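K.L.:
Below is input_19.csv; it holds CSV, C-alpha atoms.
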```
chain,number,residue,atom,x,y,z
A,10,MET,CA,-2.6,31.8,-2.4
A,11,SER,CA,-2.6,33.2,-5.9
A,12,GLN,CA,-5.4,32.4,-8.3
A,13,THR,CA,-3.0,30.6,-10.6
A,14,LYS,CA,-1.8,28.2,-7.9
A,15,ALA,CA,-5.2,27.4,-6.4
A,16,PRO,CA,-6.5,25.1,-9.2
A,17,LYS,CA,-3.1,23.3,-9.2
A,18,VAL,CA,-3.3,22.7,-5.4
A,19,ARG,CA,-6.9,21.5,-5.7
A,20,ALA,CA,-6.1,19.1,-8.4
A,21,THR,CA,-3.1,17.8,-6.4
A,22,LEU,CA,-5.2,17.4,-3.3
A,23,PHE,CA,-7.7,15.4,-5.3
A,24,CYS,CA,-5.0,13.0,-6.6
A,25,ILE,CA,-3.7,12.7,-3.0
A,26,LEU,CA,-7.3,11.9,-1.9
A,27,VAL,CA,-7.5,9.1,-4.4
A,28,GLY,CA,-4.1,7.8,-3.1
A,29,ILE,CA,-5.5,7.9,0.4
A,30,VAL,CA,-8.5,5.8,-0.6
A,31,LEU,CA,-6.3,3.3,-2.4
A,32,ALA,CA,-3.9,3.0,0.6
A,33,LEU,CA,-6.8,2.3,3.0
A,34,VAL,CA,-8.2,-0.3,0.6
A,35,ALA,CA,-4.8,-2.0,0.3
A,36,VAL,CA,-4.2,-2.0,4.1
A,37,VAL,CA,-7.6,-3.5,5.1
A,38,THR,CA,-8.0,-6.1,2.3
A,39,ASP,CA,-6.3,-9.5,2.0
A,40,HIS,CA,-5.6,-9.8,-1.7
A,41,TRP,CA,-2.0,-8.8,-1.9
A,42,ALA,CA,-0.7,-12.1,-3.2
A,43,VAL,CA,-2.2,-15.4,-4.3
A,44,LEU,CA,-0.2,-18.6,-3.7
A,45,SER,CA,-0.7,-21.9,-5.4
A,46,PRO,CA,0.6,-25.4,-4.7
A,47,GLU,CA,1.5,-28.0,-7.3
A,48,VAL,CA,-1.4,-30.3,-8.5
A,49,LYS,CA,-0.2,-33.7,-9.4
A,50,HIS,CA,-3.5,-35.4,-10.2
A,51,HIS,CA,-6.5,-34.0,-12.0
A,52,ASN,CA,-9.9,-34.1,-10.3
A,53,ALA,CA,-8.1,-33.7,-7.0
A,54,THR,CA,-8.8,-31.1,-4.3
A,55,CYS,CA,-6.1,-28.5,-3.8
A,56,GLU,CA,-5.7,-25.6,-1.5
A,57,ALA,CA,-4.8,-22.1,-2.8
A,58,ALA,CA,-4.3,-19.1,-0.6
A,59,HIS,CA,-4.4,-15.3,-0.7
A,60,PHE,CA,-3.3,-13.0,2.0
A,61,GLY,CA,-2.8,-9.4,3.1
A,62,LEU,CA,-1.1,-7.6,5.9
A,63,TRP,CA,-3.2,-9.1,8.7
A,64,ARG,CA,-5.1,-12.2,7.4
A,65,ILE,CA,-4.8,-15.2,5.2
A,66,CYS,CA,-7.6,-16.9,3.4
A,67,THR,CA,-7.4,-20.5,2.0
A,68,LYS,CA,-9.8,-22.0,-0.5
A,69,ARG,CA,-10.2,-25.7,-1.3
A,70,ILE,CA,-10.7,-26.0,-5.1
A,71,VAL,CA,-11.5,-29.1,-7.1
A,72,MET,CA,-9.4,-29.2,-10.2
A,73,THR,CA,-11.2,-30.8,-13.3
A,74,ASP,CA,-9.7,-31.4,-16.7
A,75,SER,CA,-7.0,-28.7,-16.4
A,76,LYS,CA,-3.6,-28.9,-18.0
A,77,ASP,CA,-2.2,-26.5,-15.5
A,78,LYS,CA,-0.2,-28.0,-12.8
A,79,THR,CA,-1.0,-25.3,-10.3
A,80,CYS,CA,-4.1,-24.8,-8.1
A,81,GLY,CA,-6.5,-22.3,-9.2
A,82,PRO,CA,-7.5,-19.8,-10.3
A,83,ILE,CA,-8.6,-18.5,-6.9
A,84,THR,CA,-11.9,-17.3,-8.4
A,85,LEU,CA,-13.1,-20.9,-8.8
A,86,PRO,CA,-15.8,-22.0,-6.4
A,87,GLY,CA,-14.7,-23.7,-3.2
A,88,GLU,CA,-14.8,-23.8,0.6
A,89,LYS,CA,-13.1,-20.7,1.9
A,90,ASN,CA,-11.6,-20.2,5.4
A,91,CYS,CA,-10.0,-17.0,6.6
A,92,SER,CA,-8.0,-16.4,9.8
A,93,TYR,CA,-5.7,-13.7,11.2
A,94,PHE,CA,-2.0,-14.4,11.4
A,95,ARG,CA,-1.1,-16.1,14.7
A,96,HIS,CA,1.3,-13.4,15.7
A,97,PHE,CA,-1.5,-10.8,15.5
A,98,ASN,CA,-4.1,-13.0,17.2
A,99,PRO,CA,-2.7,-15.9,19.2
A,100,GLY,CA,-6.2,-17.5,19.5
A,101,GLU,CA,-6.4,-18.1,15.8
A,102,THR,CA,-5.1,-21.3,14.1
A,103,SER,CA,-3.0,-20.3,11.1
A,104,GLU,CA,-0.4,-22.9,11.0
A,105,ILE,CA,-0.1,-22.6,7.3
A,106,PHE,CA,1.4,-19.2,7.6
A,107,GLU,CA,3.3,-19.9,10.7
A,108,VAL,CA,5.5,-22.1,8.6
A,109,THR,CA,5.3,-20.7,5.1
A,110,THR,CA,6.0,-17.0,5.7
A,111,GLN,CA,8.7,-15.2,7.5
A,112,LYS,CA,7.1,-13.9,10.7
A,113,GLU,CA,9.3,-10.9,10.8
A,114,TYR,CA,8.4,-9.9,7.3
A,115,SER,CA,4.7,-10.0,8.0
A,116,ILE,CA,5.0,-7.9,11.2
A,117,SER,CA,7.3,-5.4,9.5
A,118,ALA,CA,5.0,-4.9,6.5
A,119,ALA,CA,2.0,-4.4,8.8
A,120,ALA,CA,3.8,-2.0,11.2
A,121,ILE,CA,5.1,0.1,8.3
A,122,ALA,CA,1.6,0.3,6.8
A,123,VAL,CA,0.3,1.6,10.2
A,124,PHE,CA,3.0,4.3,10.1
A,125,SER,CA,1.8,5.2,6.7
A,126,LEU,CA,-1.8,5.7,8.0
A,127,GLY,CA,-0.4,7.8,10.8
A,128,PHE,CA,1.3,10.1,8.3
A,129,ILE,CA,-1.9,10.3,6.2
A,130,ILE,CA,-3.9,11.4,9.3
A,131,MET,CA,-1.3,14.1,10.2
A,132,GLY,CA,-1.2,15.3,6.6
A,133,THR,CA,-5.0,15.4,6.2
A,134,THR,CA,-5.2,17.4,9.5
A,135,CYS,CA,-2.7,20.0,8.2
A,136,ALA,CA,-4.5,20.1,4.9
A,137,LEU,CA,-7.9,20.8,6.5
A,138,LEU,CA,-6.4,23.4,8.8
A,139,SER,CA,-4.9,25.2,5.8
A,140,CYS,CA,-8.4,26.0,4.6
A,141,GLY,CA,-8.5,28.9,7.1
A,142,ARG,CA,-7.5,32.4,6.1
A,143,LYS,CA,-3.8,33.0,5.8
A,144,ARG,CA,-2.9,29.4,6.7
A,145,ASP,CA,-1.5,28.3,3.4
A,146,TYR,CA,1.8,27.5,5.0
A,147,LEU,CA,0.3,24.4,6.6
A,148,LEU,CA,0.2,22.8,3.1
A,149,ARG,CA,4.0,22.4,3.3
A,150,PRO,CA,4.0,20.1,6.3
A,151,ALA,CA,1.0,18.3,4.9
A,152,SER,CA,2.9,17.7,1.6
A,153,MET,CA,5.8,16.2,3.5
A,154,PHE,CA,3.5,13.9,5.6
A,155,TYR,CA,1.9,12.7,2.4
A,156,ALA,CA,5.2,12.0,0.8
A,157,PHE,CA,6.4,10.1,3.9
A,158,ALA,CA,3.1,8.1,3.8
A,159,GLY,CA,3.9,7.1,0.2
A,160,LEU,CA,7.4,6.0,1.1
A,161,CYS,CA,6.0,3.9,3.9
A,162,ILE,CA,3.6,2.2,1.5
A,163,PHE,CA,6.5,1.5,-0.9
A,164,VAL,CA,8.6,-0.1,1.9
A,165,SER,CA,5.6,-2.2,2.9
A,166,VAL,CA,5.1,-3.3,-0.7
A,167,GLU,CA,8.8,-4.2,-1.0
A,168,VAL,CA,8.8,-6.2,2.3
A,169,THR,CA,5.7,-8.1,1.2
A,170,ARG,CA,7.4,-8.8,-2.2
A,171,GLN,CA,10.5,-10.2,-0.5
A,172,SER,CA,8.4,-12.3,1.8
A,173,VAL,CA,6.5,-13.9,-1.1
A,174,LYS,CA,9.8,-14.5,-3.0
A,175,ARG,CA,11.3,-16.3,0.0
A,176,MET,CA,8.2,-18.4,0.5
A,177,ILE,CA,8.3,-19.6,-3.1
A,178,ASP,CA,12.1,-20.3,-3.0
A,179,SER,CA,11.9,-22.1,0.3
A,180,GLU,CA,12.1,-25.9,0.3
A,181,HIS,CA,9.8,-26.1,3.4
A,182,THR,CA,6.7,-24.8,1.6
A,183,ALA,CA,4.2,-26.3,-0.8
A,184,TRP,CA,3.9,-23.2,-2.9
A,185,ILE,CA,5.3,-23.3,-6.4
A,186,ASP,CA,3.5,-20.4,-8.1
A,187,TYR,CA,2.2,-17.0,-7.1
A,188,TYR,CA,0.9,-13.7,-8.5
A,189,TYR,CA,0.2,-10.3,-7.0
A,190,SER,CA,-3.5,-9.4,-6.8
A,191,TRP,CA,-5.5,-6.2,-6.7
A,192,SER,CA,-4.7,-5.1,-3.2
A,193,PHE,CA,-1.0,-5.1,-4.1
A,194,ALA,CA,-1.9,-3.0,-7.2
A,195,CYS,CA,-3.8,-0.6,-5.0
A,196,ALA,CA,-0.8,-0.2,-2.7
A,197,CYS,CA,1.5,0.5,-5.7
A,198,ALA,CA,-0.9,3.1,-7.1
A,199,ALA,CA,-1.2,4.7,-3.6
A,200,PHE,CA,2.6,5.0,-3.3
A,201,VAL,CA,2.8,6.8,-6.7
A,202,LEU,CA,-0.1,9.2,-5.9
A,203,LEU,CA,0.9,10.0,-2.4
A,204,PHE,CA,4.6,10.4,-3.0
A,205,LEU,CA,4.4,12.4,-6.2
A,206,GLY,CA,1.3,14.3,-5.0
A,207,GLY,CA,3.2,15.3,-1.8
A,208,LEU,CA,6.1,16.6,-3.8
A,209,ALA,CA,3.9,18.5,-6.2
A,210,LEU,CA,1.9,20.0,-3.3
A,211,LEU,CA,5.2,21.1,-1.7
A,212,LEU,CA,6.2,22.9,-4.9
A,213,PHE,CA,2.9,24.6,-5.4
A,214,SER,CA,2.7,25.7,-1.7
A,215,LEU,CA,6.2,27.4,-1.7
A,216,PRO,CA,6.2,31.2,-1.8
A,217,ARG,CA,6.8,33.0,-5.0
A,218,MET,CA,10.5,33.3,-5.8
A,219,PRO,CA,11.9,36.8,-6.7
A,220,GLN,CA,11.5,37.6,-10.4
A,221,ASN,CA,14.4,39.9,-10.6
A,222,PRO,CA,18.0,39.4,-9.4
A,223,TRP,CA,17.9,42.5,-7.2
A,224,GLU,CA,14.6,41.5,-5.6
A,225,SER,CA,14.6,39.6,-2.4
A,226,CYS,CA,11.9,37.3,-1.0
A,227,MET,CA,10.9,40.0,1.5
A,228,ASP,CA,10.6,42.6,-1.3
A,229,ALA,CA,8.3,40.4,-3.5
A,230,GLU,CA,4.7,41.3,-3.6
A,231,PRO,CA,2.6,39.2,-1.2
A,232,GLU,CA,0.2,36.6,-2.7
A,233,HIS,CA,-3.5,37.0,-1.9
```
In structure tokens, write the structure found in this file.
P.N.:
Amino acid sequence: MSQTKAPKVRATLFCILVGIVLALVAVVTDHWAVLSPEVKHHNATCEAAHFGLWRICTKRIVMTDSKDKTCGPITLPGEKNCSYFRHFNPGETSEIFEVTTQKEYSISAAAIAVFSLGFIIMGTTCALLSCGRKRDYLLRPASMFYAFAGLCIFVSVEVTRQSVKRMIDSEHTAWIDYYYSWSFACACAAFVLLFLGGLALLLFSLPRMPQNPWESCMDAEPEH
């Protein structure tokens, strides 16, 4: 690899590494979205919830002297209870999400996120193997794996967004308000870094194009 491309590749790999960390944080945490029911009486106890790809946590909050008709914010003190979704762990009791979310949406978002982690592992393997002498060509499949991982994260984000929207619009749920939390932001940032980083790494790892019209790729001077 030429000395002019090496710093660009290192900077791109660093951005991809940040994207990998953000993707892992998003997948394992349960703050993708926060749901809030309507509060009709002040000084009443309400139950807000936040969830991720695998688990939901509910919190009983006592509302005092608030003009807001929704429960929360979720950061207020209260009794917290977390459980895995029933379709992931049949032994858990999570009736709240058995009714209020679309089961297919939840399973799809989690499965696509797992595919993303698989692409990340394959891309990282290729990137590590490319450190050997004359193995720069492995950066090209690594870049594609990272780009595919970013696309999977994006699809998982969109599936989750549609799930939340259907929950709020449904007449069979108590939720009237929602907002996306920091795990969702981590997933969005991971998509940008992985997808754009993968494309940039692919461009930087391509062989040098001929500089003259009469020069072919085979005639170009090899890069060291």
K.L.:
To one decimal place, how far is CA of Leu208 (chain A) from CA of Ala120 (chain A) in Å?
P.N.:
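Distance reported for this atom pair: 24.0 Å.
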K.L.:
To one decimal place, how far is CA of Cys24 (chain A) from CA of Phe200 (chain A) in Å?
P.N.:
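Atom-to-atom, CA of Cys24 (chain A) to CA of Phe200 (chain A), that is 11.5 Å.
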K.L.:
When you look at Pro150 (chain A) with a cut-off of 10 Å (counting all atoms listed in the file), what residues show up, excluding the ones that are within fewer than 6 positions of it in the same chain? I need them as a PyMOL selection string.
P.N.:
chain A and resi 131-132+135-136+156+207+210-211+214
K.L.:
For Leu205 (chain A), work out the shell of residues within 12 Å, counting only C-alpha atoms and skipping chain neighbours fewer than 2 positions away, then give it as a PDB file with C-alpha atoms, in the frame of the given file.
P.N.:
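As a result, out04.pdb now contains:
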```pdb
ATOM      1  CA  THR A  21      -3.100  17.800  -6.400  1.00  0.00           C
ATOM      2  CA  LEU A  22      -5.200  17.400  -3.300  1.00  0.00           C
ATOM      3  CA  CYS A  24      -5.000  13.000  -6.600  1.00  0.00           C
ATOM      4  CA  ILE A  25      -3.700  12.700  -3.000  1.00  0.00           C
ATOM      5  CA  GLY A  28      -4.100   7.800  -3.100  1.00  0.00           C
ATOM      6  CA  SER A 152       2.900  17.700   1.600  1.00  0.00           C
ATOM      7  CA  MET A 153       5.800  16.200   3.500  1.00  0.00           C
ATOM      8  CA  PHE A 154       3.500  13.900   5.600  1.00  0.00           C
ATOM      9  CA  TYR A 155       1.900  12.700   2.400  1.00  0.00           C
ATOM     10  CA  ALA A 156       5.200  12.000   0.800  1.00  0.00           C
ATOM     11  CA  PHE A 157       6.400  10.100   3.900  1.00  0.00           C
ATOM     12  CA  ALA A 158       3.100   8.100   3.800  1.00  0.00           C
ATOM     13  CA  GLY A 159       3.900   7.100   0.200  1.00  0.00           C
ATOM     14  CA  LEU A 160       7.400   6.000   1.100  1.00  0.00           C
ATOM     15  CA  ALA A 198      -0.900   3.100  -7.100  1.00  0.00           C
ATOM     16  CA  ALA A 199      -1.200   4.700  -3.600  1.00  0.00           C
ATOM     17  CA  PHE A 200       2.600   5.000  -3.300  1.00  0.00           C
ATOM     18  CA  VAL A 201       2.800   6.800  -6.700  1.00  0.00           C
ATOM     19  CA  LEU A 202      -0.100   9.200  -5.900  1.00  0.00           C
ATOM     20  CA  LEU A 203       0.900  10.000  -2.400  1.00  0.00           C
ATOM     21  CA  GLY A 207       3.200  15.300  -1.800  1.00  0.00           C
ATOM     22  CA  LEU A 208       6.100  16.600  -3.800  1.00  0.00           C
ATOM     23  CA  ALA A 209       3.900  18.500  -6.200  1.00  0.00           C
ATOM     24  CA  LEU A 210       1.900  20.000  -3.300  1.00  0.00           C
ATOM     25  CA  LEU A 211       5.200  21.100  -1.700  1.00  0.00           C
ATOM     26  CA  LEU A 212       6.200  22.900  -4.900  1.00  0.00           C
TER      27      LEU A 212
END
```
K.L.:
Do you have the CA of Gly127 (chain A)-CA of Tyr146 (chain A) distance handy?
P.N.:
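Here the two named atoms are 20.7 Å from each other.
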K.L.:
Between A:Phe60, A:Ile162, A:Tyr187, A:Ser92, single out the one closest to Ser45 (chain A), counting only C-alpha atoms.
P.N.:
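For Ser45 (chain A), the nearest of the given residues is A:Tyr187.
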K.L.:
Restricting the calculation to all atoms listed in the file, which member of A:Val168, A:Leu147, A:Leu137, A:Ala20 is positioned closest to Leu62 (chain A)?
P.N.:
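Under the stated criterion, the closest residue is A:Val168.
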K.L.:
Given the choices A:Arg69, A:Phe124, A:Pro46, A:Thr13, which gets closest to Cys161 (chain A) if the distance is worked out from all atoms listed in the file?
P.N.:
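Distance minimum relative to Cys161 (chain A) lands on A:Phe124.
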K.L.:
Check the smallest atom-to-atom distance from each of A:Val43, A:Ile185, A:Val37, A:Cys80 to Glu56 (chain A) using all atoms listed in the file, then report the winner.
P.N.:
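Ranked by minimum distance to Glu56 (chain A), first place goes to A:Cys80.
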K.L.:
Find, counting all atoms listed in the file, the residue in A:Leu44, A:Phe163, A:Leu138, A:Pro216 that gets nearest to Asp186 (chain A).
P.N.:
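Counting all atoms listed in the file, the residue closest to Asp186 (chain A) is A:Leu44.
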K.L.:
So which one's closest to Gly206 (chain A), A:Cys91, A:Ala58, A:Ile130, A:Ala151? Using only C-alpha atoms, please.
P.N.:
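Comparing A:Cys91, A:Ala58, A:Ile130, A:Ala151 against Gly206 (chain A), the winner is A:Ala151.
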K.L.:
Edge lengths and centre, in Å to one decimal, as AutoDock Vina command-line options: that's what I need for the box along x, y and z that holds all listed atoms of region 194-205 of chain A plus 3 Å on each side.
P.N.:
```
--center_x 0.4 --center_y 4.7 --center_z -4.8 --size_x 14.4 --size_y 21.4 --size_z 10.8
```
K.L.:
Hey, what's within 10 Å of Glu113 (chain A) if we count only C-alpha atoms and toss same-chain stuff fewer than 5 positions away? As an mmCIF file with C-alpha atoms, in the frame of the given file, please?
P.N.:
```cif
data_model
loop_
_atom_site.group_PDB
_atom_site.id
_atom_site.type_symbol
_atom_site.label_atom_id
_atom_site.label_comp_id
_atom_site.auth_asym_id
_atom_site.auth_seq_id
_atom_site.Cartn_x
_atom_site.Cartn_y
_atom_site.Cartn_z
ATOM 1 C CA HIS A 96 1.300 -13.400 15.700
ATOM 2 C CA ALA A 118 5.000 -4.900 6.500
ATOM 3 C CA ALA A 119 2.000 -4.400 8.800
ATOM 4 C CA VAL A 168 8.800 -6.200 2.300
ATOM 5 C CA SER A 172 8.400 -12.300 1.800
#
```
K.L.:
Which residues, written as a list in words, have at least one atom at most 8 Å from Val166 (chain A), with only C-alpha atoms counted and residues fewer than 5 positions away on the same chain left out?
P.N.:
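My reading of the contact set: Ala118, Phe193, Ala196 and Cys197 of chain A.
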